[in-house]
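Student: This is the structure, below, for whatever I ask next.
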Amino acid sequence: MIELRNVTKLYGRVIGVNDFTLTLEPGAYGLLGPNGSGKSTLLNLITGQLRPTLGTVRVLGESPRNNARLFRRMGYCPGSEGLYANVSGYEWVRYLLRLHGLSSQRATSAAGEALELVGMSHAMHRSIASYSRGMRQRTKLAQALAHDPELLILDEPFNGFDPVGRHELTCVLRDWIGFGKSLIFASHLLHEIESITQSFLLICGGRLLASGTAEEVHAMMAGLPNEVALRSTEPHALAALLLRERAADSVRVVDGCVTVATQHPARLYDRLPGWLAETGLEVTEMHSADESLQALFNSLMKMHRGEL
Amino acid sequence: MLFFAWLPALWFGMGFFLWEQAALYPEWRQTLRPFLQSMPETPEFEGIRESVRTGNLEASRHAVWAWLLQTFFRYPQGVLMVMVVGLIFPPLISQDIRSRAFLLYFSRPLTRTEYLVGKLASLWAYLSMVSVAPALALYALGVLLSPNLSVIGATWDLPLRIIAASGVLILPTTVLALCLSSLTQESRYAGFAWFAVWILGWFTYGAATTADAFNSQQYAAFDGRGKMVILEESAWTHLSLYHTLGRVQRWVFGFADFGDVRVSTLILISVTAVSLAILYRRISAPMRV
């Protein structure tokens with residue numbers, strides 16, 4: 001479906017995407033990376049908005065650059081605003097569908113259906129200027145879906161959504177995938193992608209760090225030290241307990257918080273309640289310091305540089 | 001503004017009416033005096049004066065109609081064009097760049113050329129409403145006010161000249177306008193640049209021409225006595241896009257030889273080509289850093 005071969009994109013002296021080689025078969029993929037990691041640049045290369053400085057990009061067997069024909073088969077929801085404030089969402093989607101070559105009658109019905117699908121039917125005749133950020137995002141999504149493309153590309157589609165909206169959009173996208181359509185969507189939040197697909201592309205610093213399912217990524221991370229933060233009323237006693245039980249490779253106590261580095265976090269999670277019950281120590285807060293995506297990227301970057 | 005754009009046509013329609021009435025009724029010829037005084041004292045217009053003196057007005061019908069139409073294009077419609085374009089064009093591309101709406105446009109089966117032609121066409125439509133349509137209506141009014149339909153035979157080429165003059169007016173100006181719009185994300189800067197091009201060009205030209213006339217002792221241009229200075233013929237014409245357009249339109253309506261407007265034509269073609277090249281480059285890669 002998508003093939004990138006040694007693709008590099010330079011913005012002057014700044015690297016947007018760095019020597020990216022990737023082949024994706026039809027399916028659903030989450031493009032995961034922190035802000036500024038090159039996700040949007042990659043999507044803009046895939047949609048032909050940007051020309052690669054080096055390398056080649058092929059989408060559905062064709063070069064996407066200035067390839068108007070290819071866009072009959074693709075839908076794109078960019079991360080940026082892109083809407084005119086002085087028209088209604090319905091008019092805007094309909095106008096874009098007319099640009100797509102749909103007849104007036106077909107564009108009218110398709111615009112209405114797409115806006116209904118994304119939950120905008122109640123406000124679609126209002127001016128876009130009066131829309132909330134989530135409503136604008138829904139309208140952008142509607143225009144991407146409205147012509148029923150084979151491949152849907154979404155850049156940070158959940159931006160501006162409330163939890164209910166996120167759930168609704170998740171359902172829409174799951175249904176979309178269920179119809180056998182392909183999807184690539186970018187996000188910097190792991191759980192957003194996990195709620196829709198299990199296939200990840202991890203990108204950071206313009207480089208593809210890892211790809212595969214969540215299990216594959218976690219398996220790849222096994223054996224690397226994980227950090228767990230525990231807050232206790234007696235942090236030094238807790239630190240001593242963890243070292244005595246050989247549950248930690250290293251322990252750091254700062255401001256009542258014990259940060260534990262361990263290669264076996266599952267064992268720690270399993271046995272900690274028993275140890276606390278035996279010793280009478282209290283833990284008021286516990287979270288994995290490595291839970292954040294940035295930490296995962298840091299580890300992957302260290303692996304990439306050969307530091308781990 | 002589109003409504004007001006048609007009002008000058010009524011005024012010029014009066015000119016057609018007076019000329020045709022004078023052709024039919026000799027007593028109406030007195031009313032042509034102010035009309036004749038406003039004509040430049042050049043050989044092209046001497047024929048018109050002569051035809052009035054001899055009473056053979058039909059011989060000069062084509063020249064008078066062409067002159068009325070050229071004046072109509074040159075003054076009210078030229079100024080209106082600057083204002084209409086200045087009001088409409090600034091956000092046409094700059095807004096798409098600022099909001100990144102081009103990402104939505106170009107994720108459609110729409111080529112850059114189609115996008116460009118679409119944007120230009122919206123300006124062409126408005127400008128046609130202030131140039132081609134009222135000018136053709138003016139011509140039709142002239143025909144209707146004529147004693148008989150034989151005038152069509154004598155003036156058949158004027159509608160074609162109107163379309164050509166509109167092309168001269170519309171093409172370079174719309175391409176330049178969109179070029180300015182594509183160069184910025186702020187519509188107001190594009191609007192400012194547009195009016196600056198016309199106003200600064202006009203004043204620079206005016207100042208240079210005035211200084212020239214003063215140095216060459218052509219005071220007559222200013223007090224209305226003696227020979228009129230034909231401002232379009234000034235060596236400084238090309239400082240002003242407005243006057244450069246005027247020169248080429250004079251040729252289109254048959255009041256100048258092509259040799260006289262060769263440089264002006266070349267300038268307009270250059271402005272169009274350079275603006276188009278910049279415009280195309282900007283919309284080909286709007287995300288270029």
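Chain labels follow the order of the structure tokens: the first chain is A, the next B, and so on; residue numbering restarts at 1 in every chain, and ligands are counted from 1 in their shown order.
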Tell me as a list in words which residues belonging to chain B come within 7 Å of chain A, counting only C-alpha atoms.

Tutor: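 Listing them in order of chain and number gives Ser99, Arg100, Ala101, Leu103, Leu104, Ser107, Arg108, Pro109, Leu110, Thr111 and Val289 of chain B.
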
Student: Enumerate, as a ChimeraX atom specification, the complete set of residues in region 27-274 of chain A that a backbone-based DSSP assignment places in helix (DSSP H, G or I).

Tutor: /A:39-46,68-72,89-99,104-117,128-130,133-145,163-178,190-194,214-221,235-244,265-274

Student: Quick one, how far is CA of Ala146 (chain A) from CA of Leu42 (chain A)?

Tutor: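 So the answer is 23.4 Å.
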
Student: Report as a ChimeraX atom specification all protein, DNA and RNA residues lying within 6 Å of region 172-187 of chain A, evaluated on only C-alpha atoms, omitting residues in the same chain fewer than 5 positions from it.

Tutor: /A:26-32,150-156,196

Student: Keeping only N, CA and C atoms, take the residues you just selected and write them out as a compact mmCIF listing (two decimals), in the first residue's frame.

Tutor:
```txt
# COMPACT_ATOMS: atom_id res chain seq x y z
N PRO A 26 -1.84 -3.21 3.08
CA PRO A 26 -3.14 -2.65 3.49
C PRO A 26 -3.50 -3.05 4.93
N GLY A 27 -4.03 -2.12 5.67
CA GLY A 27 -4.37 -2.37 7.07
C GLY A 27 -4.42 -1.07 7.83
N ALA A 28 -4.48 -1.18 9.14
CA ALA A 28 -4.56 0.01 9.98
C ALA A 28 -3.27 0.17 10.78
N TYR A 29 -2.73 1.35 10.78
CA TYR A 29 -1.45 1.61 11.46
C TYR A 29 -1.53 2.90 12.27
N GLY A 30 -0.92 2.85 13.41
CA GLY A 30 -0.81 4.06 14.21
C GLY A 30 0.61 4.58 14.14
N LEU A 31 0.73 5.83 13.77
CA LEU A 31 2.04 6.46 13.69
C LEU A 31 2.25 7.22 14.99
N LEU A 32 3.16 6.70 15.79
CA LEU A 32 3.30 7.17 17.16
C LEU A 32 4.63 7.88 17.34
N GLU A 150 -10.16 4.50 -0.23
CA GLU A 150 -9.57 3.21 0.15
C GLU A 150 -8.65 3.38 1.35
N LEU A 151 -7.95 4.50 1.33
CA LEU A 151 -6.94 4.75 2.36
C LEU A 151 -7.24 6.09 3.04
N LEU A 152 -7.32 6.02 4.34
CA LEU A 152 -7.61 7.23 5.12
C LEU A 152 -6.36 7.60 5.91
N ILE A 153 -5.95 8.84 5.80
CA ILE A 153 -4.75 9.30 6.51
C ILE A 153 -5.17 10.45 7.44
N LEU A 154 -4.93 10.25 8.72
CA LEU A 154 -5.38 11.23 9.72
C LEU A 154 -4.19 11.70 10.54
N ASP A 155 -4.07 13.00 10.66
CA ASP A 155 -2.97 13.57 11.45
C ASP A 155 -3.56 14.11 12.76
N GLU A 156 -3.24 13.47 13.85
CA GLU A 156 -3.72 13.85 15.18
C GLU A 156 -5.25 14.06 15.17
N ILE A 196 -7.47 1.78 18.77
CA ILE A 196 -7.94 1.57 17.40
C ILE A 196 -7.20 0.45 16.69
```

Student: Given the choices B:Phe4, B:Phe203, B:Tyr139, B:Tyr75, which gets closest to Phe16 (chain B) if the distance is worked out from only C-alpha atoms?

Tutor: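 For Phe16 (chain B), the nearest of the candidates is B:Tyr139.
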
Student: Would you kindly return, as a ChimeraX atom specification, each protein, DNA or RNA residue with an atom no farther than 7 Å from any atom of Thr56 (chain A), considering only C-alpha atoms and excluding same-chain residues fewer than 4 positions away?

Tutor: /A:4-7

Student: Would you compute the distance between CA of Asn56 (chain B) and CA of Arg29 (chain B)? Give it in Å to one decimal.

Tutor: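 Taking CA of Asn56 (chain B) as the start and CA of Arg29 (chain B) as the end point, the length is 11.1 Å.
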
Student: With only C-alpha atoms as the atoms that count, which of A:Arg166, A:Arg136, A:Arg207, A:His125 lies nearest to Leu22 (chain A)?

Tutor: A:Arg207

Student: I'd like to know which of A:Leu60, A:Ala111, A:Ala123, A:Leu190 is closest to Ile46 (chain A), using only C-alpha atoms.

Tutor: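 Closest to Ile46 (chain A), using only C-alpha atoms: A:Leu60.
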
Student: Taking into account only C-alpha atoms, which residue in the set B:His62, B:Ser284, B:Leu149, B:Phe258 is nearest to Phe106 (chain B)?

Tutor: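 Of the candidates, the smallest distance to Phe106 (chain B) is held by B:Ser284.
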
Student: Any idea what's packed within 7 Å of region 245-257 of chain B, counting only C-alpha atoms, ignoring anything in its chain fewer than 3 positions away? Could you give it as a ChimeraX atom specification?

Tutor: /B:44,66,70,74,161,164-165,169,232,241-242,260-261,264-265

Student: So, with only C-alpha atoms as the atoms that count, which of A:Thr233, A:Ser250, A:Thr23, A:Ser127 lies closest to Met1 (chain A)?

Tutor: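 Looking at the shortest contact to Met1 (chain A), the residue is A:Thr23.
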
Student: For Val132 (chain B), which residue out of B:Ser166, B:Ser270, B:Ser150, B:Thr204 is the nearest one, using only C-alpha atoms?

Tutor: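 With only C-alpha atoms as the atom set, the closest residue is B:Ser166.
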
Student: Tell me, as a PDB file with all heavy atoms, in the first residue's frame, which residues lie within 8 Å of Arg126 (chain A), counting only C-alpha atoms; anything in the same chain fewer than 3 positions away does not count.

Tutor:
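File written: part19.pdb
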```pdb
ATOM      1  N   VAL A  87     -18.167  29.845   6.278  1.00  0.00           N
ATOM      2  CA  VAL A  87     -19.127  28.943   5.631  1.00  0.00           C
ATOM      3  C   VAL A  87     -19.536  27.885   6.650  1.00  0.00           C
ATOM      4  O   VAL A  87     -18.880  27.715   7.674  1.00  0.00           O
ATOM      5  CB  VAL A  87     -18.539  28.252   4.373  1.00  0.00           C
ATOM      6  CG1 VAL A  87     -18.218  29.252   3.300  1.00  0.00           C
ATOM      7  CG2 VAL A  87     -17.295  27.444   4.728  1.00  0.00           C
ATOM      8  N   SER A  88     -20.605  27.178   6.361  1.00  0.00           N
ATOM      9  CA  SER A  88     -21.032  26.118   7.285  1.00  0.00           C
ATOM     10  C   SER A  88     -20.220  24.859   7.005  1.00  0.00           C
ATOM     11  O   SER A  88     -19.647  24.701   5.912  1.00  0.00           O
ATOM     12  CB  SER A  88     -22.518  25.843   7.105  1.00  0.00           C
ATOM     13  OG  SER A  88     -22.753  25.209   5.872  1.00  0.00           O
ATOM     14  N   GLY A  89     -20.199  23.976   7.993  1.00  0.00           N
ATOM     15  CA  GLY A  89     -19.486  22.718   7.820  1.00  0.00           C
ATOM     16  C   GLY A  89     -20.024  21.937   6.637  1.00  0.00           C
ATOM     17  O   GLY A  89     -19.276  21.336   5.874  1.00  0.00           O
ATOM     18  N   ALA A 123     -25.203  20.388  13.877  1.00  0.00           N
ATOM     19  CA  ALA A 123     -24.586  21.726  13.740  1.00  0.00           C
ATOM     20  C   ALA A 123     -24.040  21.984  12.345  1.00  0.00           C
ATOM     21  O   ALA A 123     -23.356  22.976  12.125  1.00  0.00           O
ATOM     22  CB  ALA A 123     -23.457  21.869  14.754  1.00  0.00           C
ATOM     23  N   SER A 130     -18.471  29.370  14.451  1.00  0.00           N
ATOM     24  CA  SER A 130     -19.122  29.121  15.740  1.00  0.00           C
ATOM     25  C   SER A 130     -18.796  27.729  16.294  1.00  0.00           C
ATOM     26  O   SER A 130     -19.284  27.365  17.353  1.00  0.00           O
ATOM     27  CB  SER A 130     -20.643  29.260  15.591  1.00  0.00           C
ATOM     28  OG  SER A 130     -21.148  28.200  14.792  1.00  0.00           O
ATOM     29  N   TYR A 131     -17.979  26.969  15.593  1.00  0.00           N
ATOM     30  CA  TYR A 131     -17.678  25.605  16.019  1.00  0.00           C
ATOM     31  C   TYR A 131     -16.613  25.587  17.113  1.00  0.00           C
ATOM     32  O   TYR A 131     -15.692  26.399  17.106  1.00  0.00           O
ATOM     33  CB  TYR A 131     -17.139  24.767  14.856  1.00  0.00           C
ATOM     34  CG  TYR A 131     -18.164  24.333  13.828  1.00  0.00           C
ATOM     35  CD1 TYR A 131     -19.492  24.725  13.907  1.00  0.00           C
ATOM     36  CD2 TYR A 131     -17.790  23.512  12.774  1.00  0.00           C
ATOM     37  CE1 TYR A 131     -20.403  24.331  12.949  1.00  0.00           C
ATOM     38  CE2 TYR A 131     -18.697  23.106  11.809  1.00  0.00           C
ATOM     39  CZ  TYR A 131     -20.006  23.530  11.901  1.00  0.00           C
ATOM     40  OH  TYR A 131     -20.908  23.138  10.956  1.00  0.00           O
TER      41      TYR A 131
END
```

Student: One decimal, in Å: what's the spacing between CA of Ala22 (chain B) and CA of Ile162 (chain B)?

Tutor: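 Straight-line distance from CA of Ala22 (chain B) to CA of Ile162 (chain B) works out to 24.5 Å.
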
Student: Region 176-181 of chain B: which residues within 9 Å, counting only C-alpha atoms, same-chain residues fewer than 4 positions away excluded, as a ChimeraX atom specification?

Tutor: /B:85-86,89-95,116,119-120,171-172,185-187,189-191,193-194,271-272,274-280,282
